[in-house]
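Have a look at protein19.pdb; it's PDB, C-alpha atoms, pLDDT in the B column:
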```
ATOM      1  CA  MET A  15      -4.386 -45.884   2.894  1.00 53.00           C
ATOM      2  CA  LEU A  16      -4.228 -47.071   6.492  1.00 56.00           C
ATOM      3  CA  VAL A  17      -1.346 -49.576   6.594  1.00 69.00           C
ATOM      4  CA  GLU A  18      -2.208 -50.737  10.131  1.00 85.00           C
ATOM      5  CA  PRO A  19      -5.663 -49.394  11.036  1.00 94.00           C
ATOM      6  CA  ARG A  20      -6.625 -49.002  14.666  1.00 97.00           C
ATOM      7  CA  SER A  21      -9.818 -50.898  13.902  1.00 98.00           C
ATOM      8  CA  GLY A  22      -7.673 -53.860  12.871  1.00 97.00           C
ATOM      9  CA  ARG A  23      -5.812 -53.895  16.184  1.00 96.00           C
ATOM     10  CA  LEU A  24      -9.085 -53.551  18.126  1.00 98.00           C
ATOM     11  CA  ALA A  25     -10.765 -56.379  16.223  1.00 98.00           C
ATOM     12  CA  ALA A  26      -7.776 -58.735  16.248  1.00 97.00           C
ATOM     13  CA  TRP A  27      -6.912 -58.399  19.922  1.00 97.00           C
ATOM     14  CA  GLY A  28     -10.572 -58.087  20.892  1.00 98.00           C
ATOM     15  CA  ASN A  29     -11.274 -61.410  19.186  1.00 98.00           C
ATOM     16  CA  SER A  30      -8.329 -63.000  20.937  1.00 97.00           C
ATOM     17  CA  LEU A  31      -9.606 -61.674  24.255  1.00 98.00           C
ATOM     18  CA  LEU A  32     -13.154 -62.906  23.602  1.00 96.00           C
ATOM     19  CA  ALA A  33     -11.693 -66.352  22.828  1.00 95.00           C
ATOM     20  CA  GLY A  34      -9.823 -66.372  26.138  1.00 96.00           C
ATOM     21  CA  LEU A  35      -6.416 -66.469  24.455  1.00 97.00           C
ATOM     22  CA  VAL A  36      -5.036 -63.248  25.992  1.00 97.00           C
ATOM     23  CA  SER A  37      -5.657 -61.315  29.180  1.00 97.00           C
ATOM     24  CA  PRO A  38      -7.681 -58.070  29.193  1.00 96.00           C
ATOM     25  CA  ASP A  39      -4.590 -56.035  30.077  1.00 95.00           C
ATOM     26  CA  ASP A  40      -2.489 -57.575  27.289  1.00 96.00           C
ATOM     27  CA  ALA A  41      -5.289 -57.026  24.774  1.00 97.00           C
ATOM     28  CA  ALA A  42      -5.716 -53.380  25.791  1.00 97.00           C
ATOM     29  CA  LEU A  43      -1.969 -52.739  25.658  1.00 96.00           C
ATOM     30  CA  SER A  44      -1.713 -54.176  22.147  1.00 95.00           C
ATOM     31  CA  ILE A  45      -4.750 -52.239  20.907  1.00 97.00           C
ATOM     32  CA  VAL A  46      -3.479 -48.918  22.251  1.00 96.00           C
ATOM     33  CA  GLY A  47      -0.044 -49.454  20.718  1.00 93.00           C
ATOM     34  CA  ALA A  48       1.850 -46.173  20.431  1.00 90.00           C
ATOM     35  CA  ASP A  49      -1.194 -44.072  21.306  1.00 95.00           C
ATOM     36  CA  ALA A  50      -1.546 -42.492  24.734  1.00 95.00           C
ATOM     37  CA  VAL A  51      -4.990 -43.759  25.674  1.00 96.00           C
ATOM     38  CA  HIS A  52      -8.134 -45.344  24.207  1.00 98.00           C
ATOM     39  CA  ARG A  53     -11.636 -44.952  25.652  1.00 98.00           C
ATOM     40  CA  VAL A  54     -15.083 -46.236  24.672  1.00 98.00           C
ATOM     41  CA  ALA A  55     -17.980 -43.760  24.635  1.00 98.00           C
ATOM     42  CA  GLU A  56     -21.763 -44.084  24.323  1.00 97.00           C
ATOM     43  CA  LEU A  57     -21.829 -47.664  25.537  1.00 97.00           C
ATOM     44  CA  PRO A  58     -25.380 -48.701  26.482  1.00 95.00           C
ATOM     45  CA  GLY A  59     -25.789 -48.383  30.246  1.00 92.00           C
ATOM     46  CA  GLU A  60     -22.762 -46.125  30.748  1.00 94.00           C
ATOM     47  CA  ASN A  61     -23.035 -42.414  31.558  1.00 93.00           C
ATOM     48  CA  GLY A  62     -19.728 -41.428  29.966  1.00 95.00           C
ATOM     49  CA  PRO A  63     -16.558 -42.756  28.341  1.00 97.00           C
ATOM     50  CA  VAL A  64     -14.932 -45.779  29.983  1.00 97.00           C
ATOM     51  CA  GLY A  65     -11.479 -47.306  29.727  1.00 97.00           C
ATOM     52  CA  LEU A  66     -10.744 -49.794  26.979  1.00 97.00           C
ATOM     53  CA  THR A  67     -10.495 -52.814  29.287  1.00 97.00           C
ATOM     54  CA  LEU A  68     -13.850 -52.029  30.900  1.00 97.00           C
ATOM     55  CA  GLY A  69     -15.378 -51.247  27.508  1.00 97.00           C
ATOM     56  CA  LEU A  70     -14.376 -54.626  26.063  1.00 97.00           C
ATOM     57  CA  GLY A  71     -15.748 -56.318  29.163  1.00 96.00           C
ATOM     58  CA  ARG A  72     -19.064 -54.498  28.768  1.00 96.00           C
ATOM     59  CA  LEU A  73     -19.311 -55.561  25.130  1.00 97.00           C
ATOM     60  CA  ARG A  74     -18.750 -59.194  26.093  1.00 97.00           C
ATOM     61  CA  ALA A  75     -21.437 -58.903  28.777  1.00 96.00           C
ATOM     62  CA  MET A  76     -23.845 -57.570  26.126  1.00 96.00           C
ATOM     63  CA  GLY A  77     -23.382 -60.733  24.089  1.00 97.00           C
ATOM     64  CA  VAL A  78     -20.604 -59.721  21.696  1.00 97.00           C
ATOM     65  CA  THR A  79     -18.821 -62.870  20.522  1.00 96.00           C
ATOM     66  CA  GLY A  80     -16.590 -61.425  17.800  1.00 97.00           C
ATOM     67  CA  LEU A  81     -15.446 -58.261  16.043  1.00 97.00           C
ATOM     68  CA  ARG A  82     -15.233 -57.479  12.325  1.00 97.00           C
ATOM     69  CA  VAL A  83     -13.370 -54.675  10.560  1.00 98.00           C
ATOM     70  CA  ALA A  84     -14.725 -52.213   7.997  1.00 98.00           C
ATOM     71  CA  LEU A  85     -12.388 -50.063   5.881  1.00 97.00           C
ATOM     72  CA  PRO A  86     -14.729 -47.968   3.720  1.00 97.00           C
ATOM     73  CA  ALA A  87     -13.740 -45.404   1.105  1.00 94.00           C
ATOM     74  CA  PRO A  88     -15.857 -43.107  -1.102  1.00 93.00           C
ATOM     75  CA  GLY A  89     -17.930 -45.318  -3.371  1.00 92.00           C
ATOM     76  CA  HIS A  90     -16.771 -48.467  -1.574  1.00 93.00           C
ATOM     77  CA  PRO A  91     -18.621 -49.270   1.705  1.00 95.00           C
ATOM     78  CA  LEU A  92     -16.240 -52.143   2.471  1.00 96.00           C
ATOM     79  CA  GLY A  93     -17.380 -54.096   5.526  1.00 96.00           C
ATOM     80  CA  LEU A  94     -20.385 -51.886   6.340  1.00 97.00           C
ATOM     81  CA  SER A  95     -24.010 -52.939   6.695  1.00 93.00           C
ATOM     82  CA  GLY A  96     -25.752 -49.712   7.786  1.00 95.00           C
ATOM     83  CA  PRO A  97     -27.602 -47.759   8.974  1.00 97.00           C
ATOM     84  CA  PRO A  98     -26.664 -44.550   7.092  1.00 96.00           C
ATOM     85  CA  GLU A  99     -25.542 -42.673  10.227  1.00 96.00           C
ATOM     86  CA  PHE A 100     -23.032 -45.360  11.159  1.00 98.00           C
ATOM     87  CA  ASN A 101     -21.852 -45.713   7.567  1.00 97.00           C
ATOM     88  CA  ALA A 102     -21.298 -41.950   7.274  1.00 97.00           C
ATOM     89  CA  ARG A 103     -19.237 -41.770  10.448  1.00 98.00           C
ATOM     90  CA  ALA A 104     -17.223 -44.847   9.477  1.00 98.00           C
ATOM     91  CA  LEU A 105     -16.559 -43.377   6.037  1.00 97.00           C
ATOM     92  CA  ASP A 106     -15.381 -40.131   7.604  1.00 97.00           C
ATOM     93  CA  ALA A 107     -12.979 -42.064   9.869  1.00 97.00           C
ATOM     94  CA  GLU A 108     -12.046 -44.467   7.035  1.00 96.00           C
ATOM     95  CA  GLU A 109     -12.495 -47.390   9.420  1.00 98.00           C
ATOM     96  CA  ALA A 110     -14.815 -49.004  11.958  1.00 98.00           C
ATOM     97  CA  VAL A 111     -15.390 -52.174  13.957  1.00 98.00           C
ATOM     98  CA  VAL A 112     -18.683 -54.076  13.791  1.00 98.00           C
ATOM     99  CA  ALA A 113     -19.660 -56.405  16.625  1.00 97.00           C
ATOM    100  CA  VAL A 114     -20.946 -59.940  16.174  1.00 96.00           C
ATOM    101  CA  GLY A 115     -23.655 -60.987  18.631  1.00 96.00           C
ATOM    102  CA  ALA A 116     -24.952 -57.475  19.328  1.00 96.00           C
ATOM    103  CA  ALA A 117     -26.117 -54.783  16.895  1.00 97.00           C
ATOM    104  CA  LEU A 118     -23.296 -52.397  17.756  1.00 98.00           C
ATOM    105  CA  GLY A 119     -20.385 -50.782  15.961  1.00 98.00           C
ATOM    106  CA  LEU A 120     -17.381 -48.718  17.020  1.00 98.00           C
ATOM    107  CA  VAL A 121     -15.945 -45.731  15.135  1.00 98.00           C
ATOM    108  CA  PRO A 122     -12.683 -44.098  16.286  1.00 98.00           C
ATOM    109  CA  GLU A 123     -12.269 -40.382  16.874  1.00 98.00           C
ATOM    110  CA  VAL A 124      -8.562 -39.535  16.971  1.00 97.00           C
ATOM    111  CA  THR A 125      -7.225 -36.416  18.705  1.00 96.00           C
ATOM    112  CA  GLU A 126      -3.599 -35.318  18.451  1.00 93.00           C
ATOM    113  CA  ALA A 127      -1.809 -32.675  20.506  1.00 90.00           C
ATOM    114  CA  GLY A 128       1.774 -31.596  21.063  1.00 85.00           C
ATOM    115  CA  PRO A 129       4.787 -30.688  18.915  1.00 86.00           C
ATOM    116  CA  ALA A 130       6.210 -32.831  16.135  1.00 80.00           C
ATOM    117  CA  GLY A 131       8.136 -35.722  17.583  1.00 78.00           C
ATOM    118  CA  ASP A 132       6.160 -35.640  20.825  1.00 82.00           C
ATOM    119  CA  VAL A 133       2.558 -36.006  19.689  1.00 85.00           C
ATOM    120  CA  HIS A 134       0.033 -37.163  22.285  1.00 91.00           C
ATOM    121  CA  VAL A 135      -2.677 -39.279  20.631  1.00 94.00           C
ATOM    122  CA  GLU A 136      -6.011 -40.045  22.270  1.00 97.00           C
ATOM    123  CA  VAL A 137      -8.668 -42.265  20.696  1.00 98.00           C
ATOM    124  CA  VAL A 138     -12.342 -42.381  21.607  1.00 98.00           C
ATOM    125  CA  TRP A 139     -14.319 -45.296  20.177  1.00 98.00           C
ATOM    126  CA  HIS A 140     -17.916 -44.157  19.694  1.00 98.00           C
ATOM    127  CA  CYS A 141     -20.380 -47.013  20.126  1.00 98.00           C
ATOM    128  CA  LEU A 142     -23.326 -46.786  17.714  1.00 98.00           C
ATOM    129  CA  PRO A 143     -26.193 -49.038  16.623  1.00 97.00           C
ATOM    130  CA  VAL A 144     -25.662 -51.004  13.405  1.00 98.00           C
ATOM    131  CA  ARG A 145     -27.889 -53.043  11.131  1.00 96.00           C
ATOM    132  CA  GLU A 146     -27.517 -56.796  11.507  1.00 89.00           C
ATOM    133  CA  ALA A 147     -26.836 -57.768   7.908  1.00 89.00           C
ATOM    134  CA  PRO A 148     -23.981 -59.279   5.882  1.00 87.00           C
ATOM    135  CA  PRO A 149     -21.084 -56.792   5.521  1.00 91.00           C
ATOM    136  CA  ALA A 150     -20.539 -55.268   2.087  1.00 88.00           C
ATOM    137  CA  ASP A 151     -17.964 -56.623  -0.371  1.00 90.00           C
ATOM    138  CA  VAL A 152     -15.827 -58.707   2.004  1.00 92.00           C
ATOM    139  CA  PRO A 153     -13.949 -61.519   0.194  1.00 93.00           C
ATOM    140  CA  SER A 154     -12.765 -64.830   1.560  1.00 92.00           C
ATOM    141  CA  LEU A 155      -9.091 -65.186   2.416  1.00 93.00           C
ATOM    142  CA  GLY A 156      -8.507 -67.239  -0.718  1.00 92.00           C
ATOM    143  CA  GLU A 157     -10.194 -64.654  -2.937  1.00 93.00           C
ATOM    144  CA  ALA A 158      -8.282 -61.831  -1.271  1.00 94.00           C
ATOM    145  CA  GLU A 159      -4.939 -63.558  -1.739  1.00 92.00           C
ATOM    146  CA  ARG A 160      -5.564 -64.184  -5.452  1.00 92.00           C
ATOM    147  CA  GLU A 161      -6.843 -60.646  -6.048  1.00 91.00           C
ATOM    148  CA  LEU A 162      -3.871 -59.128  -4.248  1.00 87.00           C
ATOM    149  CA  ALA A 163      -1.281 -61.016  -6.283  1.00 85.00           C
ATOM    150  CA  GLU A 164      -2.958 -60.169  -9.583  1.00 86.00           C
ATOM    151  CA  ALA A 165      -3.528 -56.487  -8.780  1.00 78.00           C
ATOM    152  CA  LEU A 166       0.046 -56.064  -7.581  1.00 75.00           C
ATOM    153  CA  ARG A 167       1.442 -57.469 -10.843  1.00 80.00           C
ATOM    154  CA  GLU A 168      -0.774 -55.278 -13.000  1.00 74.00           C
ATOM    155  CA  ALA A 169      -0.131 -52.084 -11.019  1.00 68.00           C
ATOM    156  CA  THR A 170       3.616 -52.658 -10.877  1.00 71.00           C
ATOM    157  CA  ALA A 171       3.773 -53.039 -14.650  1.00 72.00           C
ATOM    158  CA  VAL A 172       1.820 -49.825 -15.282  1.00 66.00           C
ATOM    159  CA  LEU A 173       3.635 -47.745 -12.649  1.00 65.00           C
ATOM    160  CA  THR A 174       7.037 -48.916 -13.828  1.00 71.00           C
ATOM    161  CA  ARG A 175       6.182 -47.949 -17.397  1.00 66.00           C
ATOM    162  CA  LEU A 176       5.139 -44.471 -16.196  1.00 59.00           C
ATOM    163  CA  ASP A 177       8.235 -44.136 -13.958  1.00 62.00           C
ATOM    164  CA  VAL A 178       6.106 -43.551 -10.866  1.00 54.00           C
ATOM    165  CA  ALA A 179       6.528 -46.808  -9.003  1.00 48.00           C
ATOM    166  CA  ALA A 180       7.433 -46.397  -5.352  1.00 49.00           C
ATOM    167  CA  SER A 181      11.201 -46.482  -5.635  1.00 49.00           C
ATOM    168  CA  GLY A 182      14.217 -44.453  -4.664  1.00 51.00           C
ATOM    169  CA  PRO A 183      15.756 -43.584  -1.275  1.00 52.00           C
ATOM    170  CA  VAL A 184      12.524 -42.570   0.472  1.00 49.00           C
ATOM    171  CA  ALA A 185      10.678 -45.700  -0.592  1.00 51.00           C
ATOM    172  CA  GLU A 186      13.619 -47.933   0.243  1.00 55.00           C
ATOM    173  CA  ALA A 187      13.914 -46.404   3.717  1.00 54.00           C
ATOM    174  CA  ALA A 188      10.203 -46.948   4.374  1.00 53.00           C
ATOM    175  CA  LEU A 189      10.331 -50.526   3.142  1.00 55.00           C
ATOM    176  CA  SER A 190      13.449 -51.194   5.226  1.00 59.00           C
ATOM    177  CA  ALA A 191      11.646 -49.894   8.310  1.00 56.00           C
ATOM    178  CA  TYR A 192       8.682 -52.137   7.490  1.00 52.00           C
ATOM    179  CA  ARG A 193      10.922 -55.190   7.152  1.00 54.00           C
ATOM    180  CA  ALA A 194      12.756 -54.319  10.379  1.00 55.00           C
ATOM    181  CA  ARG A 195       9.464 -54.242  12.299  1.00 50.00           C
ATOM    182  CA  ALA A 196       8.478 -57.614  10.888  1.00 50.00           C
ATOM    183  CA  GLU A 197      11.851 -59.169  11.614  1.00 49.00           C
ATOM    184  CA  ALA A 198      11.788 -57.787  15.164  1.00 45.00           C
ATOM    185  CA  GLY A 199       8.818 -60.042  15.858  1.00 42.00           C
ATOM    186  CA  ARG A 200       5.957 -57.543  15.600  1.00 54.00           C
ATOM    187  CA  GLU A 201       2.807 -59.606  15.802  1.00 67.00           C
ATOM    188  CA  VAL A 202       0.890 -59.073  12.582  1.00 77.00           C
ATOM    189  CA  LEU A 203      -2.262 -60.554  14.132  1.00 93.00           C
ATOM    190  CA  ALA A 204      -3.289 -61.649  17.590  1.00 96.00           C
ATOM    191  CA  PRO A 205      -3.217 -65.249  18.882  1.00 95.00           C
ATOM    192  CA  GLY A 206      -5.927 -67.473  17.413  1.00 94.00           C
ATOM    193  CA  TYR A 207      -5.695 -66.319  13.800  1.00 96.00           C
ATOM    194  CA  PRO A 208      -4.885 -68.848  11.048  1.00 93.00           C
ATOM    195  CA  PRO A 209      -1.460 -68.623   9.364  1.00 93.00           C
ATOM    196  CA  ARG A 210      -3.059 -67.776   6.013  1.00 94.00           C
ATOM    197  CA  ALA A 211      -4.635 -64.656   7.534  1.00 95.00           C
ATOM    198  CA  VAL A 212      -1.213 -63.550   8.777  1.00 93.00           C
ATOM    199  CA  ARG A 213       0.259 -64.083   5.308  1.00 91.00           C
ATOM    200  CA  VAL A 214      -2.538 -62.187   3.552  1.00 93.00           C
ATOM    201  CA  LEU A 215      -2.408 -59.281   6.000  1.00 93.00           C
ATOM    202  CA  SER A 216       1.388 -58.984   5.734  1.00 89.00           C
ATOM    203  CA  LEU A 217       1.198 -58.761   1.947  1.00 86.00           C
ATOM    204  CA  ALA A 218      -1.763 -56.359   2.062  1.00 89.00           C
ATOM    205  CA  GLN A 219       0.096 -54.055   4.454  1.00 85.00           C
ATOM    206  CA  ARG A 220       3.184 -54.074   2.253  1.00 81.00           C
ATOM    207  CA  VAL A 221       1.079 -53.293  -0.823  1.00 81.00           C
ATOM    208  CA  GLY A 222      -0.695 -50.527   1.087  1.00 79.00           C
ATOM    209  CA  LEU A 223       2.655 -49.012   1.998  1.00 77.00           C
ATOM    210  CA  LEU A 224       3.795 -49.103  -1.626  1.00 74.00           C
ATOM    211  CA  VAL A 225       0.574 -47.414  -2.760  1.00 75.00           C
ATOM    212  CA  SER A 226       0.972 -44.704  -0.117  1.00 73.00           C
ATOM    213  CA  LEU A 227       4.576 -44.097  -1.165  1.00 69.00           C
ATOM    214  CA  ALA A 228       3.568 -43.891  -4.823  1.00 69.00           C
ATOM    215  CA  TYR A 229       0.999 -41.204  -3.973  1.00 66.00           C
ATOM    216  CA  GLU A 230       3.377 -39.289  -1.705  1.00 61.00           C
ATOM    217  CA  ARG A 231       6.130 -39.088  -4.311  1.00 57.00           C
ATOM    218  CA  GLY A 232       4.054 -36.728  -6.440  1.00 52.00           C
ATOM    219  CA  HIS A 233       3.730 -37.249 -10.163  1.00 52.00           C
ATOM    220  CA  GLY A 234       7.156 -38.803 -10.720  1.00 52.00           C
ATOM    221  CA  GLY A 235       7.730 -39.200 -14.436  1.00 52.00           C
ATOM    222  CA  ALA A 236       4.011 -38.933 -15.221  1.00 48.00           C
ATOM    223  CA  VAL A 237       4.148 -35.376 -16.530  1.00 53.00           C
ATOM    224  CA  ALA A 238       1.425 -35.514 -19.158  1.00 64.00           C
ATOM    225  CA  ALA A 239      -2.174 -35.336 -18.001  1.00 69.00           C
ATOM    226  CA  SER A 240      -2.907 -38.648 -19.692  1.00 70.00           C
ATOM    227  CA  GLU A 241      -0.011 -40.314 -17.843  1.00 64.00           C
ATOM    228  CA  MET A 242      -1.150 -38.840 -14.518  1.00 66.00           C
ATOM    229  CA  ALA A 243      -4.630 -40.226 -15.169  1.00 72.00           C
ATOM    230  CA  ALA A 244      -3.153 -43.627 -16.002  1.00 69.00           C
ATOM    231  CA  ARG A 245      -1.133 -43.534 -12.780  1.00 69.00           C
ATOM    232  CA  ALA A 246      -4.227 -42.813 -10.682  1.00 73.00           C
ATOM    233  CA  GLU A 247      -6.131 -45.495 -12.595  1.00 75.00           C
ATOM    234  CA  ALA A 248      -3.381 -48.013 -11.788  1.00 74.00           C
ATOM    235  CA  LEU A 249      -3.240 -47.161  -8.087  1.00 79.00           C
ATOM    236  CA  ARG A 250      -6.990 -47.088  -7.449  1.00 83.00           C
ATOM    237  CA  PRO A 251      -7.745 -50.779  -7.993  1.00 85.00           C
ATOM    238  CA  VAL A 252      -4.670 -52.046  -6.153  1.00 84.00           C
ATOM    239  CA  GLU A 253      -5.498 -49.830  -3.175  1.00 87.00           C
ATOM    240  CA  ARG A 254      -9.052 -51.183  -3.194  1.00 91.00           C
ATOM    241  CA  VAL A 255      -7.822 -54.781  -3.371  1.00 92.00           C
ATOM    242  CA  ALA A 256      -5.348 -54.180  -0.531  1.00 91.00           C
ATOM    243  CA  ARG A 257      -8.134 -52.828   1.675  1.00 93.00           C
ATOM    244  CA  ARG A 258     -10.335 -55.822   0.829  1.00 95.00           C
ATOM    245  CA  ALA A 259      -7.487 -58.156   1.728  1.00 95.00           C
ATOM    246  CA  GLN A 260      -6.906 -56.420   5.059  1.00 95.00           C
ATOM    247  CA  VAL A 261     -10.578 -56.766   5.971  1.00 96.00           C
ATOM    248  CA  ALA A 262     -10.589 -60.436   4.956  1.00 96.00           C
ATOM    249  CA  ALA A 263      -7.537 -61.092   7.147  1.00 96.00           C
ATOM    250  CA  TYR A 264      -8.811 -59.249  10.215  1.00 97.00           C
ATOM    251  CA  ASN A 265     -12.210 -60.925   9.885  1.00 97.00           C
ATOM    252  CA  ALA A 266     -10.784 -64.407   9.343  1.00 95.00           C
ATOM    253  CA  TYR A 267     -11.127 -65.394  12.996  1.00 94.00           C
ATOM    254  CA  VAL A 268     -14.868 -64.679  13.027  1.00 94.00           C
ATOM    255  CA  GLU A 269     -15.413 -66.236   9.601  1.00 91.00           C
ATOM    256  CA  GLU A 270     -13.615 -69.479  10.562  1.00 87.00           C
ATOM    257  CA  ARG A 271     -15.540 -69.747  13.819  1.00 85.00           C
ATOM    258  CA  GLU A 272     -18.870 -69.237  12.030  1.00 83.00           C
ATOM    259  CA  ARG A 273     -17.999 -71.992   9.560  1.00 81.00           C
ATOM    260  CA  GLY A 274     -17.553 -74.275  12.563  1.00 69.00           C
TER     261      GLY A 274
END
```
Written form, structure tokens:
Amino acid sequence: MLVEPRSGRLAAWGNSLLAGLVSPDDAALSIVGADAVHRVAELPGENGPVGLTLGLGRLRAMGVTGLRVALPAPGHPLGLSGPPEFNARALDAEEAVVAVGAALGLVPEVTEAGPAGDVHVEVVWHCLPVREAPPADVPSLGEAERELAEALREATAVLTRLDVAASGPVAEAALSAYRARAEAGREVLAPGYPPRAVRVLSLAQRVGLLVSLAYERGHGGAVAASEMAARAEALRPVERVARRAQVAAYNAYVEERERG
């Protein structure tokens, strides 16, 4: 699971930019993060890829007033509205951004080069037509928060019983690093987002990290096939709920503005 998807950074800081709360340079810097460079390709009216700052400016000129996130998975087109070509590419990337105000969507293509420890990451956001329709399966912030708390309790109980909960030195180190980033003042969302969205996204990211750690630790104590199946069954719904919560948080700015 993507703990901090690039589509989330693009939507959050893009929304803040569109609202006039941050400068284009600050928005681009926050979206790029630790990557080397981001470009936007296949923009209407452009002959080739353009820089992120120019790309965001072009989208605003085309009438884009907000950005939504999609985090689809097989069998779960979360945040998508079609057409099939866009959905397929978003599913392959496991994420996408859908514009509000223009029938356009952005899917990232990530390229990595270089040795371990010195990886150069380039991202090209491919701009594609989308269907103007309500996004699939996106909950409200309140729904997402309730679902997340319930799913976390249920999954923790099952995983603990099977001795496969994310625990031990590796998990503790990862969680410590997560807490250190938060305590160092890492902005969970961009300016303009409601506090509840920040709270929901923080919890969803932590749950996503725990799910990832549980998968990465192998089968743990779940030796029997039935126990392994129960482990997968426990992780699947909590991962789905965490993705739904992330989408609800990233989309909260647009949803609040549309409610007036």
Distance cut-off 9 Å, centre (-8.2, -51.7, 9.7) in file coordinates, counting only C-alpha atoms: which residues qualify? Return them as an MDAnalysis selection string.
chainID A and resid 16:25 83:85 108:111 257 260:261 264
Go ahead and save the residues from that selection, with C-alpha atoms, as a PDB file, keeping the file's coordinate frame.
```pdb
ATOM      1  CA  LEU A  16      -4.228 -47.071   6.492  1.00 56.00           C
ATOM      2  CA  VAL A  17      -1.346 -49.576   6.594  1.00 69.00           C
ATOM      3  CA  GLU A  18      -2.208 -50.737  10.131  1.00 85.00           C
ATOM      4  CA  PRO A  19      -5.663 -49.394  11.036  1.00 94.00           C
ATOM      5  CA  ARG A  20      -6.625 -49.002  14.666  1.00 97.00           C
ATOM      6  CA  SER A  21      -9.818 -50.898  13.902  1.00 98.00           C
ATOM      7  CA  GLY A  22      -7.673 -53.860  12.871  1.00 97.00           C
ATOM      8  CA  ARG A  23      -5.812 -53.895  16.184  1.00 96.00           C
ATOM      9  CA  LEU A  24      -9.085 -53.551  18.126  1.00 98.00           C
ATOM     10  CA  ALA A  25     -10.765 -56.379  16.223  1.00 98.00           C
ATOM     11  CA  VAL A  83     -13.370 -54.675  10.560  1.00 98.00           C
ATOM     12  CA  ALA A  84     -14.725 -52.213   7.997  1.00 98.00           C
ATOM     13  CA  LEU A  85     -12.388 -50.063   5.881  1.00 97.00           C
ATOM     14  CA  GLU A 108     -12.046 -44.467   7.035  1.00 96.00           C
ATOM     15  CA  GLU A 109     -12.495 -47.390   9.420  1.00 98.00           C
ATOM     16  CA  ALA A 110     -14.815 -49.004  11.958  1.00 98.00           C
ATOM     17  CA  VAL A 111     -15.390 -52.174  13.957  1.00 98.00           C
ATOM     18  CA  ARG A 257      -8.134 -52.828   1.675  1.00 93.00           C
ATOM     19  CA  GLN A 260      -6.906 -56.420   5.059  1.00 95.00           C
ATOM     20  CA  VAL A 261     -10.578 -56.766   5.971  1.00 96.00           C
ATOM     21  CA  TYR A 264      -8.811 -59.249  10.215  1.00 97.00           C
TER      22      TYR A 264
END
```
Å distance separating CA of Ala218 in chain A from CA of Ala259 in chain A, one decimal place
6.0 Å
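Residues within 8 Å of Asp49 in chain A, counting all atoms listed in the file and excluding same-chain residues fewer than 6 positions away, are A:His134, A:Val135, A:Glu136, A:Val137.
If you look at CA of Glu161 in chain A and CA of Asn101 in chain A, they are 25.2 Å away from each other.
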Contacts of Ala165 in chain A within 8 Å, all atoms listed in the file, excl. fewer than 6 positions in-chain, as a PDB file with C-alpha atoms, keeping the file's coordinate frame:
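Result went into result-v8.pdb, see below:
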```pdb
ATOM      1  CA  PRO A 251      -7.745 -50.779  -7.993  1.00 85.00           C
ATOM      2  CA  VAL A 252      -4.670 -52.046  -6.153  1.00 84.00           C
ATOM      3  CA  VAL A 255      -7.822 -54.781  -3.371  1.00 92.00           C
TER       4      VAL A 255
END
```
Mind checking which residues fall within 12 Å of Val114 in chain A, counting only C-alpha atoms, ignoring those fewer than 2 positions away in the same chain, and posting them as a short mmCIF file (atom, residue, chain, number, x, y, z; two decimals) with C-alpha atoms, in the coordinates of the input?
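Saved to part06.cif:
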```
data_model
loop_
_atom_site.label_atom_id
_atom_site.label_comp_id
_atom_site.auth_asym_id
_atom_site.auth_seq_id
_atom_site.Cartn_x
_atom_site.Cartn_y
_atom_site.Cartn_z
CA ALA A 25 -10.76 -56.38 16.22
CA GLY A 28 -10.57 -58.09 20.89
CA ASN A 29 -11.27 -61.41 19.19
CA LEU A 32 -13.15 -62.91 23.60
CA LEU A 73 -19.31 -55.56 25.13
CA ARG A 74 -18.75 -59.19 26.09
CA MET A 76 -23.84 -57.57 26.13
CA GLY A 77 -23.38 -60.73 24.09
CA VAL A 78 -20.60 -59.72 21.70
CA THR A 79 -18.82 -62.87 20.52
CA GLY A 80 -16.59 -61.42 17.80
CA LEU A 81 -15.45 -58.26 16.04
CA ARG A 82 -15.23 -57.48 12.32
CA VAL A 83 -13.37 -54.68 10.56
CA VAL A 111 -15.39 -52.17 13.96
CA VAL A 112 -18.68 -54.08 13.79
CA ALA A 116 -24.95 -57.48 19.33
CA ALA A 117 -26.12 -54.78 16.90
CA LEU A 118 -23.30 -52.40 17.76
CA GLY A 119 -20.39 -50.78 15.96
CA LEU A 120 -17.38 -48.72 17.02
CA VAL A 144 -25.66 -51.00 13.40
CA ARG A 145 -27.89 -53.04 11.13
CA GLU A 146 -27.52 -56.80 11.51
CA ALA A 147 -26.84 -57.77 7.91
CA PRO A 148 -23.98 -59.28 5.88
CA PRO A 149 -21.08 -56.79 5.52
CA ASN A 265 -12.21 -60.92 9.88
CA TYR A 267 -11.13 -65.39 13.00
CA VAL A 268 -14.87 -64.68 13.03
CA GLU A 269 -15.41 -66.24 9.60
CA ARG A 271 -15.54 -69.75 13.82
CA GLU A 272 -18.87 -69.24 12.03
#
```
Would you work out the distance separating CA of Gly89 in chain A from CA of Arg250 in chain A, expressed in Å to one decimal?
11.8 Å
List the residues matched by the PyMOL selection byres ((chain A and resi 150) around 8) in the displayed structure as a PyMOL selection string, ordered by chain and then by residue number.
chain A and resi 91-95+148-149+151-152
Selection export as a tab-separated table (two decimals), in the coordinates of the input, atoms kept: C-alpha atoms:
```
chain	number	residue	atom	x	y	z
A	91	PRO	CA	-18.62	-49.27	1.70
A	92	LEU	CA	-16.24	-52.14	2.47
A	93	GLY	CA	-17.38	-54.10	5.53
A	94	LEU	CA	-20.39	-51.89	6.34
A	95	SER	CA	-24.01	-52.94	6.70
A	148	PRO	CA	-23.98	-59.28	5.88
A	149	PRO	CA	-21.08	-56.79	5.52
A	151	ASP	CA	-17.96	-56.62	-0.37
A	152	VAL	CA	-15.83	-58.71	2.00
```
Could you tell me which of A:Leu70, A:Val51, A:Leu105, A:Glu247 comes closest to Glu126 in chain A if we count all atoms listed in the file?
A:Val51
